[in-house]
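Quick look at coords30.cif (mmCIF, C-alpha atoms):
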```cif
data_entry
loop_
_atom_site.label_atom_id
_atom_site.label_comp_id
_atom_site.auth_asym_id
_atom_site.auth_seq_id
_atom_site.Cartn_x
_atom_site.Cartn_y
_atom_site.Cartn_z
CA MET A 21 -68.35 57.20 36.10
CA LYS A 22 -69.35 60.82 36.64
CA TYR A 23 -68.10 63.87 34.84
CA CYS A 24 -69.08 67.50 34.54
CA ASP A 25 -68.48 69.25 31.22
CA ARG A 26 -68.80 73.05 31.14
CA SER A 27 -66.89 73.59 27.93
CA THR A 28 -68.25 76.17 25.53
CA PRO A 29 -67.79 76.48 21.77
CA ARG A 30 -64.35 77.88 21.01
CA ALA A 31 -65.08 79.39 17.61
CA TRP A 32 -66.25 82.73 19.07
CA VAL A 33 -63.33 82.90 21.50
CA ASP A 34 -60.81 82.14 18.76
CA ASN A 35 -62.27 84.82 16.51
CA ALA A 36 -62.48 87.38 19.32
CA VAL A 37 -58.79 86.97 20.15
CA ARG A 38 -57.96 87.18 16.45
CA LEU A 39 -59.94 90.40 16.08
CA ILE A 40 -58.15 92.05 19.01
CA GLU A 41 -54.73 90.87 17.83
CA ALA A 42 -55.50 92.05 14.29
CA ASP A 43 -56.45 95.44 15.70
CA THR A 44 -53.11 95.55 17.50
CA GLN A 45 -51.26 94.60 14.31
CA ARG A 46 -52.92 97.49 12.47
CA SER A 47 -51.70 99.93 15.08
CA ALA A 48 -48.16 101.28 15.05
CA ASP A 49 -46.44 101.63 18.41
CA THR A 50 -46.86 105.00 20.10
CA HIS A 51 -44.10 107.57 19.69
CA LEU A 52 -41.43 108.52 22.21
CA ILE A 53 -41.11 112.29 22.01
CA ARG A 54 -38.04 114.15 23.24
CA TYR A 55 -39.09 117.12 25.36
CA PRO A 56 -36.83 120.16 24.75
CA LEU A 57 -34.42 120.88 27.60
CA PRO A 58 -31.18 122.92 27.52
CA ALA A 59 -28.24 120.81 26.30
CA ALA A 60 -26.09 122.20 29.12
CA TRP A 61 -28.22 120.31 31.65
CA HIS A 62 -27.02 116.92 30.26
CA VAL A 63 -30.41 115.42 31.09
CA GLN A 64 -32.92 114.30 28.47
CA LEU A 65 -36.68 114.04 29.04
CA TYR A 66 -38.95 111.81 26.94
CA LEU A 67 -42.73 111.60 26.65
CA LYS A 68 -44.32 108.29 25.68
CA ASP A 69 -47.21 109.63 23.59
CA GLU A 70 -50.20 107.43 24.38
CA SER A 71 -52.64 109.92 22.88
CA THR A 72 -52.03 108.41 19.43
CA HIS A 73 -53.99 105.23 20.22
CA ILE A 74 -57.21 104.98 18.22
CA THR A 75 -59.27 105.79 21.34
CA GLY A 76 -56.93 108.61 22.27
CA SER A 77 -55.35 107.61 25.57
CA LEU A 78 -53.14 105.31 27.62
CA LYS A 79 -56.29 103.40 28.65
CA HIS A 80 -56.44 101.78 25.21
CA ARG A 81 -53.66 99.40 26.32
CA LEU A 82 -55.51 98.59 29.54
CA ALA A 83 -58.82 97.94 27.78
CA ARG A 84 -57.15 95.60 25.27
CA SER A 85 -55.46 93.65 28.08
CA LEU A 86 -58.65 93.46 30.14
CA PHE A 87 -60.67 92.08 27.22
CA LEU A 88 -58.05 89.46 26.36
CA TYR A 89 -57.81 88.48 30.04
CA ALA A 90 -61.59 88.17 30.41
CA ILE A 91 -62.01 86.24 27.15
CA CYS A 92 -59.20 83.79 27.85
CA ASN A 93 -60.52 83.25 31.37
CA GLY A 94 -63.93 82.36 29.93
CA TRP A 95 -65.66 85.31 31.60
CA VAL A 96 -66.59 87.04 28.34
CA THR A 97 -68.03 85.08 25.44
CA GLU A 98 -70.55 85.54 22.65
CA GLY A 99 -73.45 87.72 23.75
CA THR A 100 -71.88 88.78 27.07
CA THR A 101 -72.79 92.28 28.23
CA VAL A 102 -69.64 93.96 29.52
CA VAL A 103 -70.03 96.39 32.42
CA GLU A 104 -67.37 98.74 33.78
CA ALA A 105 -67.18 101.30 36.58
CA SER A 106 -65.64 104.25 34.75
CA SER A 107 -66.54 107.76 33.68
CA GLY A 108 -63.33 108.36 31.77
CA SER A 109 -60.95 107.11 29.16
CA THR A 110 -61.14 103.45 30.22
CA ALA A 111 -64.84 103.41 29.39
CA VAL A 112 -64.16 104.99 26.00
CA SER A 113 -61.55 102.35 25.18
CA GLU A 114 -63.59 99.41 26.53
CA ALA A 115 -66.59 100.57 24.51
CA TYR A 116 -64.37 100.47 21.41
CA PHE A 117 -63.31 96.86 22.00
CA ALA A 118 -66.84 95.76 22.89
CA LYS A 119 -68.05 97.23 19.60
CA LEU A 120 -65.21 95.46 17.77
CA LEU A 121 -66.45 92.14 19.20
CA GLY A 122 -70.17 92.84 18.75
CA LEU A 123 -70.84 93.03 22.49
CA ASP A 124 -73.03 95.38 24.51
CA PHE A 125 -71.11 97.71 26.83
CA VAL A 126 -72.40 99.69 29.82
CA ALA A 127 -70.32 102.27 31.69
CA VAL A 128 -71.43 103.01 35.26
CA MET A 129 -70.53 106.57 36.18
CA PRO A 130 -71.45 109.49 38.43
CA ALA A 131 -74.37 111.65 37.30
CA SER A 132 -71.95 114.62 37.34
CA THR A 133 -69.85 113.21 34.46
CA SER A 134 -69.20 115.81 31.77
CA PRO A 135 -71.32 115.66 28.59
CA GLN A 136 -68.11 115.47 26.54
CA LYS A 137 -67.07 112.19 28.17
CA ILE A 138 -70.56 110.74 27.79
CA GLU A 139 -70.50 111.62 24.10
CA LEU A 140 -67.12 109.90 23.62
CA ILE A 141 -68.40 106.68 25.22
CA GLU A 142 -71.64 106.73 23.24
CA ALA A 143 -69.72 107.46 20.02
CA GLN A 144 -68.00 104.10 20.51
CA GLY A 145 -71.35 102.34 20.94
CA GLY A 146 -71.42 102.24 24.73
CA ARG A 147 -74.33 103.02 27.05
CA CYS A 148 -74.05 105.11 30.21
CA HIS A 149 -75.68 104.26 33.54
CA PHE A 150 -75.57 106.91 36.27
CA VAL A 151 -75.21 106.84 40.05
CA GLN A 152 -75.51 109.79 42.42
CA ARG A 153 -72.36 109.13 44.46
CA PRO A 154 -69.00 108.05 42.92
CA PRO A 155 -68.33 105.31 45.54
CA GLU A 156 -71.56 103.59 44.41
CA MET A 157 -70.05 102.84 40.98
CA TYR A 158 -68.41 99.56 42.03
CA THR A 159 -71.44 97.92 43.63
CA GLU A 160 -73.83 99.18 40.98
CA ALA A 161 -71.61 97.85 38.17
CA ALA A 162 -71.46 94.44 39.87
CA ARG A 163 -75.23 94.47 40.39
CA LEU A 164 -75.95 95.34 36.77
CA ALA A 165 -73.63 92.63 35.48
CA ALA A 166 -75.24 90.01 37.73
CA GLU A 167 -78.73 91.15 36.77
CA CYS A 168 -78.14 90.71 33.03
CA GLY A 169 -75.82 87.70 33.26
CA GLY A 170 -72.95 89.86 32.02
CA HIS A 171 -69.42 90.47 33.19
CA PHE A 172 -68.15 93.28 35.44
CA MET A 173 -64.71 94.01 33.99
CA ASP A 174 -63.51 95.64 37.26
CA GLN A 175 -60.46 97.49 35.99
CA PHE A 176 -59.38 98.46 39.50
CA THR A 177 -58.92 94.83 40.54
CA HIS A 178 -57.67 93.27 37.32
CA ALA A 179 -55.43 95.94 35.80
CA GLU A 180 -52.20 94.72 37.36
CA ARG A 181 -52.76 91.06 36.49
CA ALA A 182 -54.22 91.43 32.98
CA THR A 183 -50.95 92.74 31.48
CA ASP A 184 -47.92 90.52 30.96
CA TRP A 185 -45.37 92.59 32.90
CA ARG A 186 -42.42 90.51 31.64
CA GLY A 187 -42.77 91.81 28.09
CA ASN A 188 -45.09 90.90 25.21
CA ASN A 189 -44.99 94.46 23.85
CA ASN A 190 -46.29 96.06 27.04
CA ILE A 191 -45.66 99.76 27.64
CA ALA A 192 -42.49 99.14 29.64
CA GLU A 193 -40.90 96.96 26.96
CA SER A 194 -41.84 99.53 24.33
CA ILE A 195 -40.21 102.36 26.29
CA PHE A 196 -36.94 100.53 26.89
CA GLN A 197 -36.70 99.36 23.27
CA GLN A 198 -37.32 102.87 21.94
CA MET A 199 -34.65 104.26 24.29
CA GLU A 200 -31.91 101.90 23.06
CA LEU A 201 -30.15 104.38 20.73
CA GLU A 202 -30.46 107.44 22.98
CA ALA A 203 -27.51 109.08 24.74
CA HIS A 204 -28.69 107.62 28.06
CA PRO A 205 -30.66 104.53 26.99
CA VAL A 206 -31.52 103.31 30.49
CA PRO A 207 -33.58 106.03 32.19
CA ASP A 208 -32.72 107.11 35.71
CA TRP A 209 -36.42 107.56 36.41
CA VAL A 210 -39.71 106.52 34.86
CA VAL A 211 -42.54 108.75 36.11
CA VAL A 212 -46.22 107.74 35.94
CA GLY A 213 -49.49 108.50 37.65
CA ALA A 214 -51.80 105.91 39.19
CA GLY A 215 -55.46 105.43 38.34
CA THR A 216 -55.90 101.69 38.65
CA GLY A 217 -52.22 101.16 39.48
CA GLY A 218 -51.83 98.78 36.54
CA THR A 219 -49.30 100.87 34.61
CA SER A 220 -47.05 101.48 37.60
CA ALA A 221 -47.21 97.79 38.52
CA THR A 222 -46.29 96.74 34.97
CA ILE A 223 -43.34 99.15 34.71
CA GLY A 224 -42.05 98.49 38.23
CA ARG A 225 -42.12 94.72 37.75
CA TYR A 226 -40.54 94.97 34.30
CA ILE A 227 -37.64 97.04 35.67
CA ARG A 228 -36.95 94.44 38.34
CA TYR A 229 -37.40 91.44 36.06
CA HIS A 230 -34.89 92.80 33.54
CA ARG A 231 -32.52 94.03 36.29
CA TYR A 232 -32.48 97.66 35.14
CA PRO A 233 -31.15 100.23 37.63
CA SER A 234 -34.01 102.59 36.71
CA LYS A 235 -36.28 103.83 39.48
CA LEU A 236 -40.04 104.28 39.36
CA ALA A 237 -41.72 107.44 40.65
CA VAL A 238 -45.50 107.66 40.97
CA VAL A 239 -47.14 111.10 41.05
CA ASP A 240 -50.47 111.53 42.81
CA PRO A 241 -52.98 114.41 42.62
CA GLU A 242 -54.96 116.03 45.42
CA ASN A 243 -57.66 113.98 47.17
CA SER A 244 -56.15 110.70 46.00
CA ALA A 245 -55.45 107.86 48.44
CA PHE A 246 -52.36 106.39 46.77
CA TYR A 247 -49.84 108.78 48.35
CA GLY A 248 -51.31 108.39 51.83
CA GLY A 249 -51.49 104.62 51.45
CA TYR A 250 -47.85 104.50 50.33
CA GLU A 251 -46.66 106.81 53.12
CA THR A 252 -48.44 104.82 55.82
CA ALA A 253 -48.05 101.38 54.19
CA ASP A 254 -51.83 101.01 54.56
CA ALA A 255 -53.47 99.21 51.63
CA GLY A 256 -56.88 100.13 53.06
CA TYR A 257 -56.21 103.88 53.09
CA GLN A 258 -59.10 106.02 51.85
CA THR A 259 -59.86 109.70 51.32
CA GLY A 260 -63.39 109.21 50.04
CA MET A 261 -62.87 112.12 47.66
CA PRO A 262 -62.72 112.10 43.85
CA SER A 263 -59.74 113.39 41.90
CA ARG A 264 -60.07 116.47 39.69
CA ILE A 265 -57.27 115.19 37.46
CA GLU A 266 -59.01 112.70 35.16
CA GLY A 267 -57.38 109.32 34.63
CA ILE A 268 -55.35 109.32 37.85
CA GLY A 269 -56.07 109.49 41.57
CA ARG A 270 -58.62 107.42 43.47
CA PRO A 271 -60.60 107.83 46.72
CA ARG A 272 -59.20 104.50 47.94
CA VAL A 273 -56.04 102.47 47.35
CA GLU A 274 -57.11 100.17 44.55
CA PRO A 275 -56.23 96.44 44.55
CA SER A 276 -54.07 96.84 41.43
CA PHE A 277 -51.74 99.36 43.07
CA ILE A 278 -48.54 97.56 44.11
CA GLY A 279 -46.66 100.02 46.29
CA GLN A 280 -43.73 97.67 46.79
CA VAL A 281 -42.49 98.25 43.21
CA VAL A 282 -42.58 102.06 43.59
CA ASP A 283 -39.33 103.80 44.59
CA ARG A 284 -40.77 107.24 45.28
CA MET A 285 -44.16 108.91 45.41
CA ILE A 286 -44.69 112.61 44.75
CA GLU A 287 -47.84 114.45 45.78
CA VAL A 288 -48.81 117.09 43.20
CA PRO A 289 -51.30 119.95 43.79
CA ASP A 290 -54.05 120.14 41.19
CA ALA A 291 -53.15 123.73 40.33
CA ALA A 292 -49.62 122.53 39.56
CA SER A 293 -50.95 119.74 37.30
CA ILE A 294 -53.07 122.18 35.30
CA ALA A 295 -50.38 124.87 35.11
CA THR A 296 -47.90 122.26 33.87
CA ALA A 297 -50.33 120.92 31.27
CA ARG A 298 -50.70 124.44 29.92
CA HIS A 299 -46.94 125.09 30.08
CA ALA A 300 -46.07 121.84 28.28
CA SER A 301 -48.77 122.46 25.65
CA ARG A 302 -47.06 125.71 24.72
CA VAL A 303 -43.62 124.07 24.65
CA ILE A 304 -44.52 121.11 22.41
CA GLY A 305 -47.12 122.94 20.33
CA ARG A 306 -50.24 120.92 21.15
CA ARG A 307 -52.50 120.46 24.12
CA VAL A 308 -51.90 117.70 26.65
CA GLY A 309 -54.23 116.51 29.40
CA GLY A 310 -54.08 117.21 33.12
CA SER A 311 -52.53 113.86 34.06
CA THR A 312 -49.64 114.61 31.69
CA GLY A 313 -49.20 117.84 33.64
CA THR A 314 -49.03 115.83 36.87
CA ASN A 315 -46.42 113.52 35.33
CA LEU A 316 -44.29 116.40 34.10
CA TRP A 317 -44.40 118.28 37.41
CA GLY A 318 -42.87 115.21 39.06
CA ALA A 319 -40.41 114.69 36.20
CA PHE A 320 -39.21 118.31 36.38
CA ALA A 321 -38.59 117.97 40.12
CA LEU A 322 -36.48 114.85 39.57
CA ILE A 323 -34.55 116.46 36.71
CA ALA A 324 -33.74 119.46 38.91
CA GLU A 325 -32.45 117.03 41.54
CA MET A 326 -30.21 115.37 38.93
CA ILE A 327 -28.88 118.76 37.77
CA PHE A 328 -28.16 119.83 41.37
CA THR A 329 -26.13 116.66 42.02
CA GLY A 330 -24.34 116.88 38.65
CA ARG A 331 -25.84 113.64 37.34
CA ALA A 332 -26.31 113.24 33.57
CA GLY A 333 -29.03 110.87 32.41
CA SER A 334 -32.59 110.54 31.17
CA VAL A 335 -36.14 110.59 32.50
CA VAL A 336 -39.21 109.09 30.80
CA THR A 337 -42.83 109.91 31.52
CA LEU A 338 -46.19 109.54 29.78
CA LEU A 339 -48.28 111.82 27.61
CA CYS A 340 -51.50 110.12 28.67
CA ASP A 341 -54.04 111.85 26.46
CA GLY A 342 -54.63 114.99 24.44
CA GLY A 343 -55.76 118.25 25.99
CA ASP A 344 -58.59 118.97 23.57
CA ARG A 345 -60.80 116.72 25.70
CA TYR A 346 -60.39 119.27 28.49
CA ALA A 347 -61.04 122.52 26.63
CA GLY A 348 -63.97 123.21 28.95
CA THR A 349 -62.08 122.43 32.16
CA TYR A 350 -58.28 122.57 32.49
CA PHE A 351 -57.88 125.06 29.66
CA ASP A 352 -60.86 127.19 30.68
CA ASP A 353 -59.91 130.03 33.06
CA SER A 354 -63.47 130.36 34.37
CA TRP A 355 -63.58 126.65 35.30
CA VAL A 356 -60.21 126.88 37.06
CA GLU A 357 -61.37 129.94 39.01
CA ALA A 358 -64.64 128.23 39.96
CA GLN A 359 -62.59 125.37 41.39
CA GLY A 360 -60.79 127.82 43.68
CA MET A 361 -57.43 127.29 42.02
CA ASN A 362 -54.76 129.92 41.34
CA LEU A 363 -52.16 128.96 38.74
CA THR A 364 -49.85 131.94 39.36
CA GLU A 365 -47.47 130.28 41.83
CA PRO A 366 -46.97 126.97 39.98
CA ALA A 367 -46.58 128.87 36.69
CA ALA A 368 -43.77 130.92 38.26
CA ILE A 369 -42.07 127.72 39.50
CA LEU A 370 -42.24 126.28 35.98
CA GLU A 371 -40.79 129.43 34.39
CA LYS A 372 -37.92 129.47 36.87
CA PHE A 373 -37.18 125.81 36.22
CA ALA A 374 -37.25 126.26 32.44
CA ALA A 375 -34.79 129.17 32.71
CA THR A 376 -32.42 127.82 35.38
CA GLY A 377 -33.00 124.12 36.08
CA ILE A 378 -33.70 125.04 39.70
CA TRP A 379 -36.83 123.62 41.33
CA SER A 380 -38.65 125.45 44.11
CA GLY A 381 -41.87 123.46 44.08
#
```

For this file, produce the structure as structure tokens.
Amino acid sequence: MKYCDRSTPRAWVDNAVRLIEADTQRSADTHLIRYPLPAAWHVQLYLKDESTHITGSLKHRLARSLFLYAICNGWVTEGTTVVEASSGSTAVSEAYFAKLLGLDFVAVMPASTSPQKIELIEAQGGRCHFVQRPPEMYTEAARLAAECGGHFMDQFTHAERATDWRGNNNIAESIFQQMELEAHPVPDWVVVGAGTGGTSATIGRYIRYHRYPSKLAVVDPENSAFYGGYETADAGYQTGMPSRIEGIGRPRVEPSFIGQVVDRMIEVPDAASIATARHASRVIGRRVGGSTGTNLWGAFALIAEMIFTGRAGSVVTLLCDGGDRYAGTYFDDSWVEAQGMNLTEPAAILEKFAATGIWSG
């Protein structure tokens, strides 16, 4: 009789899952904030405030799911070095969970990454490894992981499958539960951006699984491939250009983006994203990031459409992270000017919408 036994000790795995679940138990759910709109419009807008996670962004949920997925698949165990291709919030959140589990974490990122983001990753115990060209991040992360016998987390492939889209306290379930006592508890639209595509896949699948009539809109910044891939139905669509709106937009359609669960895509100019982030920051009294501006630009357009057709209802979108991380970019006039952007026109569109409910974007 022959047999092959590759089993590994389960004590570390059991404790790692316990540590992550205990961390989740210590964290209250994120708030659902009502954005002020005129009562006469009969439309309510809500922001799911993901900035209140301990690592400050929506990516905290993704990092938690990716670690649980990798651990339960046997890819990450005691002593595993975790490697990720990310220069943004995902790396910050993954570094946090690696530190929680006593694991080394390496973020592979472009050499042009801002010092502020590097500091956030290093503050969570992560190390940064630089490449000269952004498209090199994927192959370099895989190479590093293989070289040290570690694990390449690969958020862009695994994001849509690591989260239980049927429920289990995912972001979609949280939104719909928090909406239950509102005037219009089932939103007409849920509006999100796409970075990996994991959040849009989770929400789109959840809506269908629970037979809600809600529709899913995905907003996409300049240079990103998701809009072009959706428009042409080409999963291999590429722009080869990085997004200036951190957290969303990709130079290629990522494997986790499931266009079939998206009802509408909206292309948003970067100047509009930044102008809206500034506008919303003034309205709610605290700074929000650029991707929240992208979300709100799309949400405002849909609300204006509802007002024009006389439809009462609700719209939900995400406050992805706080704007203080972007004091030197999106909220810095000199940076905006250096990028060749003029915020005058989108700011005028926003002011007109706020005063009249009419959208001319």

May I have a table of the residues of region 106-219 of chain A lying at most 9 Å from region 34-44 of chain A, giving each one's closest pair of atoms and their distance in Å to one decimal, counting all atoms listed in the file, ordered by chain and ascending residue number, as a Markdown table?
```
| residue | atom | partner | partner_atom | distance |
| --- | --- | --- | --- | --- |
| A:Phe117 | CA | A:Ile40 | CA | 7.7 |
| A:Leu120 | CA | A:Leu39 | CA | 7.5 |
| A:Leu121 | CA | A:Ala36 | CA | 6.2 |
```

Between A:Ser85, A:Ser234, A:Thr364, A:Gln136, which has the minimum distance to Thr183 (chain A) (counting all atoms listed in the file)?
A:Ser85

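Evaluated on this file, the PyMOL selection byres ((chain A and resi 69) around 8) matches Thr50, His51, Leu52, Ile53, Leu67, Lys68, Glu70, Ser71, Thr72, Leu338, Leu339, Cys340 and Asp341 of chain A.
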
Using all atoms of region 291-305 of chain A that appear in the file, construct an axis-aligned enclosing box with 4 Å of padding on every side and provide its centre coordinates and edge lengths in Å, rounded to one decimal, as JSON.
```
{"center_x": -48.4, "center_y": 122.7, "center_z": 30.3, "size_x": 17.5, "size_y": 14.0, "size_z": 28.0}
```

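Minimum atom-to-atom distances from A:Asn315, A:Tyr226, A:Tyr247, A:Gly108 to Pro135 (chain A) were compared using all atoms listed in the file, and the lowest value belongs to A:Gly108.
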
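Taking only C-alpha atoms into account, the residues near (-63.3, 93.9, 23.2), no farther than 10 Å, are A:Ala36, A:Val37, A:Leu39, A:Ile40, A:Ala83, A:Arg84, A:Ser85, A:Leu86, A:Phe87, A:Leu88, A:Ala90, A:Ile91, A:Val96, A:Val102, A:Ser113, A:Glu114, A:Ala115, A:Tyr116, A:Phe117, A:Ala118, A:Lys119, A:Leu120, A:Leu121, A:Gly122, A:Leu123, A:Asp124, A:Phe125.
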